[in-house]
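S.K.: Sharing upload.cif here; it has mmCIF, N, CA and C atoms.
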```cif
data_work
loop_
_atom_site.label_atom_id
_atom_site.label_comp_id
_atom_site.auth_asym_id
_atom_site.auth_seq_id
_atom_site.Cartn_x
_atom_site.Cartn_y
_atom_site.Cartn_z
N MET A 516 -20.86 -25.88 5.39
CA MET A 516 -20.20 -25.55 4.14
C MET A 516 -20.40 -26.69 3.16
N LYS A 517 -20.83 -26.33 1.93
CA LYS A 517 -20.92 -27.38 0.93
C LYS A 517 -20.43 -26.86 -0.41
N PRO A 518 -19.69 -27.70 -1.16
CA PRO A 518 -19.18 -27.29 -2.46
C PRO A 518 -20.34 -27.05 -3.43
N ILE A 519 -20.31 -25.91 -4.14
CA ILE A 519 -21.38 -25.64 -5.10
C ILE A 519 -20.86 -25.34 -6.49
N GLY A 520 -19.53 -25.33 -6.67
CA GLY A 520 -19.01 -25.09 -8.01
C GLY A 520 -17.52 -24.85 -8.03
N LYS A 521 -17.02 -24.56 -9.24
CA LYS A 521 -15.60 -24.28 -9.45
C LYS A 521 -15.47 -23.07 -10.34
N VAL A 522 -14.40 -22.31 -10.11
CA VAL A 522 -14.10 -21.15 -10.95
C VAL A 522 -13.48 -21.66 -12.25
N SER A 523 -14.11 -21.32 -13.39
CA SER A 523 -13.57 -21.76 -14.69
C SER A 523 -12.76 -20.65 -15.36
N HIS A 524 -13.02 -19.39 -14.96
CA HIS A 524 -12.29 -18.27 -15.54
C HIS A 524 -12.37 -17.07 -14.60
N TYR A 525 -11.37 -16.21 -14.67
CA TYR A 525 -11.39 -14.99 -13.86
C TYR A 525 -11.04 -13.80 -14.75
N TYR A 526 -11.89 -12.78 -14.74
CA TYR A 526 -11.65 -11.55 -15.49
C TYR A 526 -11.06 -10.52 -14.54
N ASP A 527 -9.76 -10.29 -14.68
CA ASP A 527 -9.01 -9.45 -13.76
C ASP A 527 -9.52 -8.00 -13.74
N LYS A 528 -9.69 -7.38 -14.90
CA LYS A 528 -10.11 -5.98 -14.96
C LYS A 528 -11.50 -5.77 -14.36
N ALA A 529 -12.42 -6.69 -14.62
CA ALA A 529 -13.79 -6.57 -14.12
C ALA A 529 -13.94 -7.10 -12.69
N GLY A 530 -12.99 -7.92 -12.24
CA GLY A 530 -13.09 -8.53 -10.91
C GLY A 530 -14.24 -9.52 -10.84
N VAL A 531 -14.40 -10.31 -11.92
CA VAL A 531 -15.52 -11.26 -12.02
C VAL A 531 -14.98 -12.67 -12.20
N ALA A 532 -15.51 -13.60 -11.41
CA ALA A 532 -15.18 -15.02 -11.54
C ALA A 532 -16.34 -15.72 -12.24
N ILE A 533 -16.02 -16.56 -13.22
CA ILE A 533 -17.03 -17.39 -13.87
C ILE A 533 -17.07 -18.71 -13.10
N VAL A 534 -18.23 -19.02 -12.56
CA VAL A 534 -18.39 -20.22 -11.72
C VAL A 534 -19.33 -21.20 -12.41
N GLU A 535 -18.85 -22.44 -12.57
CA GLU A 535 -19.69 -23.53 -13.10
C GLU A 535 -20.40 -24.14 -11.90
N LEU A 536 -21.72 -23.92 -11.82
CA LEU A 536 -22.47 -24.33 -10.63
C LEU A 536 -22.86 -25.80 -10.63
N GLN A 537 -22.69 -26.43 -9.47
CA GLN A 537 -23.14 -27.80 -9.23
C GLN A 537 -24.35 -27.79 -8.30
N ASP A 538 -24.78 -26.59 -7.90
CA ASP A 538 -25.93 -26.42 -7.02
C ASP A 538 -26.42 -24.98 -7.18
N ALA A 539 -27.58 -24.66 -6.64
CA ALA A 539 -28.16 -23.32 -6.77
C ALA A 539 -27.38 -22.29 -5.96
N LEU A 540 -27.41 -21.05 -6.45
CA LEU A 540 -26.76 -19.93 -5.78
C LEU A 540 -27.62 -18.69 -6.00
N LYS A 541 -27.73 -17.84 -4.97
CA LYS A 541 -28.53 -16.62 -5.13
C LYS A 541 -27.82 -15.42 -4.52
N VAL A 542 -28.20 -14.23 -4.99
CA VAL A 542 -27.65 -12.99 -4.45
C VAL A 542 -27.97 -12.95 -2.96
N GLY A 543 -26.97 -12.59 -2.15
CA GLY A 543 -27.14 -12.55 -0.69
C GLY A 543 -26.52 -13.76 0.00
N ASP A 544 -26.28 -14.85 -0.76
CA ASP A 544 -25.60 -16.02 -0.17
C ASP A 544 -24.16 -15.65 0.18
N ARG A 545 -23.63 -16.30 1.23
CA ARG A 545 -22.22 -16.13 1.57
C ARG A 545 -21.45 -17.32 1.00
N ILE A 546 -20.34 -17.02 0.32
CA ILE A 546 -19.53 -18.07 -0.28
C ILE A 546 -18.08 -17.97 0.18
N ARG A 547 -17.37 -19.08 0.04
CA ARG A 547 -15.92 -19.12 0.27
C ARG A 547 -15.30 -19.61 -1.04
N ILE A 548 -14.26 -18.91 -1.48
CA ILE A 548 -13.52 -19.33 -2.67
C ILE A 548 -12.14 -19.73 -2.19
N GLU A 549 -11.76 -20.98 -2.48
CA GLU A 549 -10.47 -21.46 -1.96
C GLU A 549 -9.67 -22.24 -3.00
N ARG A 550 -8.38 -21.97 -2.98
CA ARG A 550 -7.41 -22.72 -3.79
C ARG A 550 -6.09 -22.62 -3.06
N GLY A 551 -5.68 -23.71 -2.45
CA GLY A 551 -4.44 -23.71 -1.67
C GLY A 551 -4.58 -22.75 -0.49
N GLU A 552 -3.62 -21.84 -0.36
CA GLU A 552 -3.65 -20.88 0.74
C GLU A 552 -4.44 -19.63 0.37
N ASN A 553 -4.86 -19.53 -0.88
CA ASN A 553 -5.60 -18.36 -1.35
C ASN A 553 -7.09 -18.59 -1.09
N THR A 554 -7.58 -18.17 0.08
CA THR A 554 -8.96 -18.40 0.49
C THR A 554 -9.58 -17.11 0.99
N PHE A 555 -10.83 -16.84 0.57
CA PHE A 555 -11.55 -15.69 1.11
C PHE A 555 -13.05 -15.94 1.09
N ASP A 556 -13.74 -15.27 2.02
CA ASP A 556 -15.20 -15.35 2.13
C ASP A 556 -15.79 -14.04 1.67
N GLN A 557 -16.99 -14.11 1.11
CA GLN A 557 -17.70 -12.88 0.74
C GLN A 557 -19.17 -13.18 0.50
N GLU A 558 -19.96 -12.11 0.49
CA GLU A 558 -21.37 -12.22 0.15
C GLU A 558 -21.51 -12.01 -1.35
N VAL A 559 -22.42 -12.77 -1.97
CA VAL A 559 -22.68 -12.59 -3.40
C VAL A 559 -23.52 -11.32 -3.55
N SER A 560 -22.91 -10.27 -4.13
CA SER A 560 -23.62 -9.00 -4.27
C SER A 560 -24.28 -8.86 -5.63
N SER A 561 -23.69 -9.49 -6.65
CA SER A 561 -24.30 -9.47 -7.97
C SER A 561 -23.81 -10.65 -8.78
N MET A 562 -24.69 -11.13 -9.67
CA MET A 562 -24.34 -12.23 -10.57
C MET A 562 -24.99 -12.00 -11.91
N GLN A 563 -24.39 -12.61 -12.94
CA GLN A 563 -24.95 -12.52 -14.28
C GLN A 563 -24.88 -13.89 -14.94
N VAL A 564 -25.90 -14.17 -15.76
CA VAL A 564 -25.91 -15.34 -16.61
C VAL A 564 -26.06 -14.81 -18.04
N GLU A 565 -25.08 -15.12 -18.89
CA GLU A 565 -25.06 -14.61 -20.26
C GLU A 565 -25.24 -13.10 -20.31
N TYR A 566 -24.50 -12.39 -19.49
CA TYR A 566 -24.45 -10.92 -19.43
C TYR A 566 -25.74 -10.27 -18.96
N LYS A 567 -26.66 -11.04 -18.40
CA LYS A 567 -27.91 -10.49 -17.86
C LYS A 567 -27.91 -10.66 -16.35
N PRO A 568 -28.19 -9.59 -15.59
CA PRO A 568 -28.23 -9.71 -14.13
C PRO A 568 -29.33 -10.69 -13.70
N VAL A 569 -29.00 -11.54 -12.73
CA VAL A 569 -29.97 -12.49 -12.18
C VAL A 569 -29.88 -12.46 -10.66
N GLU A 570 -30.98 -12.83 -10.01
CA GLU A 570 -31.01 -12.92 -8.55
C GLU A 570 -30.66 -14.33 -8.09
N GLU A 571 -30.88 -15.31 -8.97
CA GLU A 571 -30.70 -16.71 -8.61
C GLU A 571 -30.21 -17.49 -9.83
N ALA A 572 -29.35 -18.47 -9.61
CA ALA A 572 -28.87 -19.35 -10.68
C ALA A 572 -29.01 -20.79 -10.19
N LYS A 573 -29.17 -21.70 -11.14
CA LYS A 573 -29.42 -23.09 -10.77
C LYS A 573 -28.25 -23.99 -11.17
N LYS A 574 -28.31 -25.22 -10.69
CA LYS A 574 -27.30 -26.23 -11.00
C LYS A 574 -27.13 -26.30 -12.52
N GLY A 575 -25.88 -26.32 -12.96
CA GLY A 575 -25.59 -26.42 -14.39
C GLY A 575 -25.34 -25.08 -15.06
N ASP A 576 -25.73 -23.98 -14.39
CA ASP A 576 -25.50 -22.64 -14.95
C ASP A 576 -24.03 -22.26 -14.85
N SER A 577 -23.60 -21.45 -15.80
CA SER A 577 -22.29 -20.82 -15.75
C SER A 577 -22.57 -19.36 -15.42
N VAL A 578 -22.13 -18.93 -14.25
CA VAL A 578 -22.53 -17.62 -13.73
C VAL A 578 -21.31 -16.74 -13.45
N GLY A 579 -21.44 -15.46 -13.78
CA GLY A 579 -20.40 -14.49 -13.46
C GLY A 579 -20.70 -13.87 -12.11
N VAL A 580 -19.75 -13.95 -11.18
CA VAL A 580 -19.94 -13.42 -9.83
C VAL A 580 -18.88 -12.35 -9.57
N LYS A 581 -19.32 -11.17 -9.15
CA LYS A 581 -18.39 -10.10 -8.78
C LYS A 581 -17.68 -10.53 -7.50
N VAL A 582 -16.33 -10.53 -7.52
CA VAL A 582 -15.57 -10.97 -6.35
C VAL A 582 -14.66 -9.87 -5.83
N ASP A 583 -14.38 -9.93 -4.51
CA ASP A 583 -13.57 -8.92 -3.84
C ASP A 583 -12.08 -9.11 -4.06
N GLN A 584 -11.67 -10.35 -4.35
CA GLN A 584 -10.26 -10.67 -4.53
C GLN A 584 -10.09 -11.54 -5.76
N LYS A 585 -8.85 -11.70 -6.20
CA LYS A 585 -8.57 -12.54 -7.36
C LYS A 585 -8.95 -13.99 -7.06
N ALA A 586 -9.65 -14.61 -8.00
CA ALA A 586 -10.07 -16.02 -7.85
C ALA A 586 -9.42 -16.82 -8.97
N LYS A 587 -8.47 -17.69 -8.62
CA LYS A 587 -7.75 -18.46 -9.63
C LYS A 587 -8.65 -19.51 -10.25
N GLU A 588 -8.38 -19.79 -11.54
CA GLU A 588 -9.11 -20.85 -12.22
C GLU A 588 -8.89 -22.16 -11.48
N GLY A 589 -9.97 -22.94 -11.33
CA GLY A 589 -9.88 -24.21 -10.61
C GLY A 589 -10.21 -24.07 -9.13
N SER A 590 -10.37 -22.82 -8.64
CA SER A 590 -10.71 -22.62 -7.22
C SER A 590 -12.08 -23.25 -6.93
N LEU A 591 -12.19 -23.81 -5.73
CA LEU A 591 -13.43 -24.40 -5.27
C LEU A 591 -14.32 -23.32 -4.68
N VAL A 592 -15.61 -23.36 -4.99
CA VAL A 592 -16.56 -22.41 -4.43
C VAL A 592 -17.48 -23.16 -3.48
N LEU A 593 -17.52 -22.70 -2.21
CA LEU A 593 -18.33 -23.35 -1.18
C LEU A 593 -19.41 -22.40 -0.70
N LEU A 594 -20.59 -22.93 -0.45
CA LEU A 594 -21.68 -22.15 0.11
C LEU A 594 -21.58 -22.23 1.64
N LEU A 595 -21.52 -21.08 2.29
CA LEU A 595 -21.41 -21.04 3.74
C LEU A 595 -22.81 -21.02 4.36
N GLY A 596 -22.97 -21.77 5.45
CA GLY A 596 -24.23 -21.78 6.16
C GLY A 596 -24.31 -20.62 7.14
N GLU A 597 -25.41 -20.52 7.86
CA GLU A 597 -25.59 -19.47 8.88
C GLU A 597 -24.45 -19.54 9.89
N GLY A 598 -23.82 -18.42 10.16
CA GLY A 598 -22.80 -18.35 11.18
C GLY A 598 -21.42 -18.86 10.79
N GLU A 599 -21.27 -19.31 9.56
CA GLU A 599 -19.95 -19.80 9.11
C GLU A 599 -19.14 -18.66 8.54
#
```
Would you mind writing the file's structure down as structure tokens?

M.R.:
Amino acid sequence: MKPIGKVSHYYDKAGVAIVELQDALKVGDRIRIERGENTFDQEVSSMQVEYKPVEEAKKGDSVGVKVDQKAKEGSLVLLLGEGE
């Protein structure tokens, strides 16, 4: 597990978290979003950069990620390795 970004905003109606990336992220990666006791894992099924769908985003990008649960602002986003 390695930290790859933080949630800067969450759109409740759309179920999308805006993540400020500190490392690369791609569709199909498994991530963990955690803040206190509010923690969940999921696969990245879709992402957007500036409202355009992308398969991959790089360090420094601000990316919208569709999430299964509410992700509070300030939540840490971790990239999960194989089997985690």

S.K.: For atom C of Glu552 (chain A) and atom C of Gly520 (chain A), quote the distance in Å rounded to one decimal.

M.R.: 16.4 Å

S.K.: Separation of atom N of Asp576 (chain A) and atom N of Asn553 (chain A), in Å?

M.R.: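 One can read the atom N of Asp576 (chain A) to atom N of Asn553 (chain A) distance as 25.3 Å.
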
S.K.: Counting all atoms listed in the file, figure out which residue out of A:Gln584, A:Arg550, A:Gln537, A:Glu597 gets nearest to Lys521 (chain A).

M.R.: A:Gln537

S.K.: With 8 Å as the threshold, what does the neighbourhood of (-16.2, -11.7, 1.1) contain in terms of residues, counting only N, CA and C atoms? Coordinates are those of the file; answer as number ranges by chain.

M.R.: A: 545-548, 555-559, 582-584

S.K.: Atom N of Leu595 (chain A) and atom N of Met516 (chain A) are how many Å apart?

M.R.: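 Between atom N of Leu595 (chain A) and atom N of Met516 (chain A) the gap works out to 5.8 Å.
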
S.K.: Write out as a VMD selection string each polymer residue whose atoms come within 6.5 Å of Glu549 (chain A), counting all atoms listed in the file; drop sequence neighbours fewer than 2 positions from it.

M.R.: chain A and resid 547 551 553 to 555 589 to 593

S.K.: I need the chosen residues saved as an mmCIF file, in the coordinates of the input, with N, CA and C atoms.

M.R.:
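The file below, selection23.cif, is the result:
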```
data_model
loop_
_atom_site.group_PDB
_atom_site.id
_atom_site.type_symbol
_atom_site.label_atom_id
_atom_site.label_comp_id
_atom_site.auth_asym_id
_atom_site.auth_seq_id
_atom_site.Cartn_x
_atom_site.Cartn_y
_atom_site.Cartn_z
ATOM 1 N N ARG A 547 -17.370 -19.080 0.040
ATOM 2 C CA ARG A 547 -15.920 -19.120 0.270
ATOM 3 C C ARG A 547 -15.300 -19.610 -1.040
ATOM 4 N N GLY A 551 -5.680 -23.710 -2.450
ATOM 5 C CA GLY A 551 -4.440 -23.710 -1.670
ATOM 6 C C GLY A 551 -4.580 -22.750 -0.490
ATOM 7 N N ASN A 553 -4.860 -19.530 -0.880
ATOM 8 C CA ASN A 553 -5.600 -18.360 -1.350
ATOM 9 C C ASN A 553 -7.090 -18.590 -1.090
ATOM 10 N N THR A 554 -7.580 -18.170 0.080
ATOM 11 C CA THR A 554 -8.960 -18.400 0.490
ATOM 12 C C THR A 554 -9.580 -17.110 0.990
ATOM 13 N N PHE A 555 -10.830 -16.840 0.570
ATOM 14 C CA PHE A 555 -11.550 -15.690 1.110
ATOM 15 C C PHE A 555 -13.050 -15.940 1.090
ATOM 16 N N GLY A 589 -9.970 -22.940 -11.330
ATOM 17 C CA GLY A 589 -9.880 -24.210 -10.610
ATOM 18 C C GLY A 589 -10.210 -24.070 -9.130
ATOM 19 N N SER A 590 -10.370 -22.820 -8.640
ATOM 20 C CA SER A 590 -10.710 -22.620 -7.220
ATOM 21 C C SER A 590 -12.080 -23.250 -6.930
ATOM 22 N N LEU A 591 -12.190 -23.810 -5.730
ATOM 23 C CA LEU A 591 -13.430 -24.400 -5.270
ATOM 24 C C LEU A 591 -14.320 -23.320 -4.680
ATOM 25 N N VAL A 592 -15.610 -23.360 -4.990
ATOM 26 C CA VAL A 592 -16.560 -22.410 -4.430
ATOM 27 C C VAL A 592 -17.480 -23.160 -3.480
ATOM 28 N N LEU A 593 -17.520 -22.700 -2.210
ATOM 29 C CA LEU A 593 -18.330 -23.350 -1.180
ATOM 30 C C LEU A 593 -19.410 -22.400 -0.700
#
```

S.K.: Name every residue that the PyMOL selection byres (((chain A and resi 568 and name CA) around 12) and name CA) selects in this structure, writing the answer as a PyMOL selection string with chains first and numbers rising.

M.R.: chain A and resi 541-542+560-567+569-572+578-581

S.K.: Evaluate the PyMOL selection byres ((chain A and resi 574) around 7) here and jot the selected residues down as a list in words.

M.R.: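 That selection, the PyMOL selection byres ((chain A and resi 574) around 7), comes back as Leu536, Gln537, Asp538, Ala539, Leu540, Ala572, Lys573, Gly575, Asp576 and Ser577 of chain A.
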
S.K.: Just the selected residues (N, CA and C atoms), exported as a compact mmCIF listing (two decimals), keeping the file's coordinate frame, please.

M.R.:
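Listing of part30.txt after writing:
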```
# COMPACT_ATOMS: atom_id res chain seq x y z
N LEU A 536 -21.72 -23.92 -11.82
CA LEU A 536 -22.47 -24.33 -10.63
C LEU A 536 -22.86 -25.80 -10.63
N GLN A 537 -22.69 -26.43 -9.47
CA GLN A 537 -23.14 -27.80 -9.23
C GLN A 537 -24.35 -27.79 -8.30
N ASP A 538 -24.78 -26.59 -7.90
CA ASP A 538 -25.93 -26.42 -7.02
C ASP A 538 -26.42 -24.98 -7.18
N ALA A 539 -27.58 -24.66 -6.64
CA ALA A 539 -28.16 -23.32 -6.77
C ALA A 539 -27.38 -22.29 -5.96
N LEU A 540 -27.41 -21.05 -6.45
CA LEU A 540 -26.76 -19.93 -5.78
C LEU A 540 -27.62 -18.69 -6.00
N ALA A 572 -29.35 -18.47 -9.61
CA ALA A 572 -28.87 -19.35 -10.68
C ALA A 572 -29.01 -20.79 -10.19
N LYS A 573 -29.17 -21.70 -11.14
CA LYS A 573 -29.42 -23.09 -10.77
C LYS A 573 -28.25 -23.99 -11.17
N GLY A 575 -25.88 -26.32 -12.96
CA GLY A 575 -25.59 -26.42 -14.39
C GLY A 575 -25.34 -25.08 -15.06
N ASP A 576 -25.73 -23.98 -14.39
CA ASP A 576 -25.50 -22.64 -14.95
C ASP A 576 -24.03 -22.26 -14.85
N SER A 577 -23.60 -21.45 -15.80
CA SER A 577 -22.29 -20.82 -15.75
C SER A 577 -22.57 -19.36 -15.42
```

S.K.: If you apply the PyMOL selection byres ((chain A and resi 525) around 8) to this file, what residues do you get, as a PyMOL selection string?

M.R.: chain A and resi 522-524+526-534+585-589

S.K.: With N, CA and C atoms retained, could you export that selection as a PDB file, in the coordinates of the input?

M.R.:
```pdb
ATOM      1  N   VAL A 522     -14.400 -22.310 -10.110  1.00  0.00           N
ATOM      2  CA  VAL A 522     -14.100 -21.150 -10.950  1.00  0.00           C
ATOM      3  C   VAL A 522     -13.480 -21.660 -12.250  1.00  0.00           C
ATOM      4  N   SER A 523     -14.110 -21.320 -13.390  1.00  0.00           N
ATOM      5  CA  SER A 523     -13.570 -21.760 -14.690  1.00  0.00           C
ATOM      6  C   SER A 523     -12.760 -20.650 -15.360  1.00  0.00           C
ATOM      7  N   HIS A 524     -13.020 -19.390 -14.960  1.00  0.00           N
ATOM      8  CA  HIS A 524     -12.290 -18.270 -15.540  1.00  0.00           C
ATOM      9  C   HIS A 524     -12.370 -17.070 -14.600  1.00  0.00           C
ATOM     10  N   TYR A 526     -11.890 -12.780 -14.740  1.00  0.00           N
ATOM     11  CA  TYR A 526     -11.650 -11.550 -15.490  1.00  0.00           C
ATOM     12  C   TYR A 526     -11.060 -10.520 -14.540  1.00  0.00           C
ATOM     13  N   ASP A 527      -9.760 -10.290 -14.680  1.00  0.00           N
ATOM     14  CA  ASP A 527      -9.010  -9.450 -13.760  1.00  0.00           C
ATOM     15  C   ASP A 527      -9.520  -8.000 -13.740  1.00  0.00           C
ATOM     16  N   LYS A 528      -9.690  -7.380 -14.900  1.00  0.00           N
ATOM     17  CA  LYS A 528     -10.110  -5.980 -14.960  1.00  0.00           C
ATOM     18  C   LYS A 528     -11.500  -5.770 -14.360  1.00  0.00           C
ATOM     19  N   ALA A 529     -12.420  -6.690 -14.620  1.00  0.00           N
ATOM     20  CA  ALA A 529     -13.790  -6.570 -14.120  1.00  0.00           C
ATOM     21  C   ALA A 529     -13.940  -7.100 -12.690  1.00  0.00           C
ATOM     22  N   GLY A 530     -12.990  -7.920 -12.240  1.00  0.00           N
ATOM     23  CA  GLY A 530     -13.090  -8.530 -10.910  1.00  0.00           C
ATOM     24  C   GLY A 530     -14.240  -9.520 -10.840  1.00  0.00           C
ATOM     25  N   VAL A 531     -14.400 -10.310 -11.920  1.00  0.00           N
ATOM     26  CA  VAL A 531     -15.520 -11.260 -12.020  1.00  0.00           C
ATOM     27  C   VAL A 531     -14.980 -12.670 -12.200  1.00  0.00           C
ATOM     28  N   ALA A 532     -15.510 -13.600 -11.410  1.00  0.00           N
ATOM     29  CA  ALA A 532     -15.180 -15.020 -11.540  1.00  0.00           C
ATOM     30  C   ALA A 532     -16.340 -15.720 -12.240  1.00  0.00           C
ATOM     31  N   ILE A 533     -16.020 -16.560 -13.220  1.00  0.00           N
ATOM     32  CA  ILE A 533     -17.030 -17.390 -13.870  1.00  0.00           C
ATOM     33  C   ILE A 533     -17.070 -18.710 -13.100  1.00  0.00           C
ATOM     34  N   VAL A 534     -18.230 -19.020 -12.560  1.00  0.00           N
ATOM     35  CA  VAL A 534     -18.390 -20.220 -11.720  1.00  0.00           C
ATOM     36  C   VAL A 534     -19.330 -21.200 -12.410  1.00  0.00           C
ATOM     37  N   LYS A 585      -8.850 -11.700  -6.200  1.00  0.00           N
ATOM     38  CA  LYS A 585      -8.570 -12.540  -7.360  1.00  0.00           C
ATOM     39  C   LYS A 585      -8.950 -13.990  -7.060  1.00  0.00           C
ATOM     40  N   ALA A 586      -9.650 -14.610  -8.000  1.00  0.00           N
ATOM     41  CA  ALA A 586     -10.070 -16.020  -7.850  1.00  0.00           C
ATOM     42  C   ALA A 586      -9.420 -16.820  -8.970  1.00  0.00           C
ATOM     43  N   LYS A 587      -8.470 -17.690  -8.620  1.00  0.00           N
ATOM     44  CA  LYS A 587      -7.750 -18.460  -9.630  1.00  0.00           C
ATOM     45  C   LYS A 587      -8.650 -19.510 -10.250  1.00  0.00           C
ATOM     46  N   GLU A 588      -8.380 -19.790 -11.540  1.00  0.00           N
ATOM     47  CA  GLU A 588      -9.110 -20.850 -12.220  1.00  0.00           C
ATOM     48  C   GLU A 588      -8.890 -22.160 -11.480  1.00  0.00           C
ATOM     49  N   GLY A 589      -9.970 -22.940 -11.330  1.00  0.00           N
ATOM     50  CA  GLY A 589      -9.880 -24.210 -10.610  1.00  0.00           C
ATOM     51  C   GLY A 589     -10.210 -24.070  -9.130  1.00  0.00           C
TER      52      GLY A 589
END
```

S.K.: Please define a box with edges along x, y and z of the file around all atoms of region 587-599 of chain A given in the file, extend it by 3 Å on each side, and return its centre and edge lengths in Å to one decimal, as lines of an AutoDock Vina configuration file.

M.R.:
```
center_x = -16.7
center_y = -21.0
center_z = -0.5
size_x = 23.8
size_y = 12.7
size_z = 29.4
```

S.K.: Run DSSP on the backbone and tell me which residues of chain A come out as strand (DSSP E); list them as a PyMOL selection string.

M.R.: chain A and resi 517-526+531-536+540-541+545-550+553-558+562-564+567-569+571-572+577-581+591-594
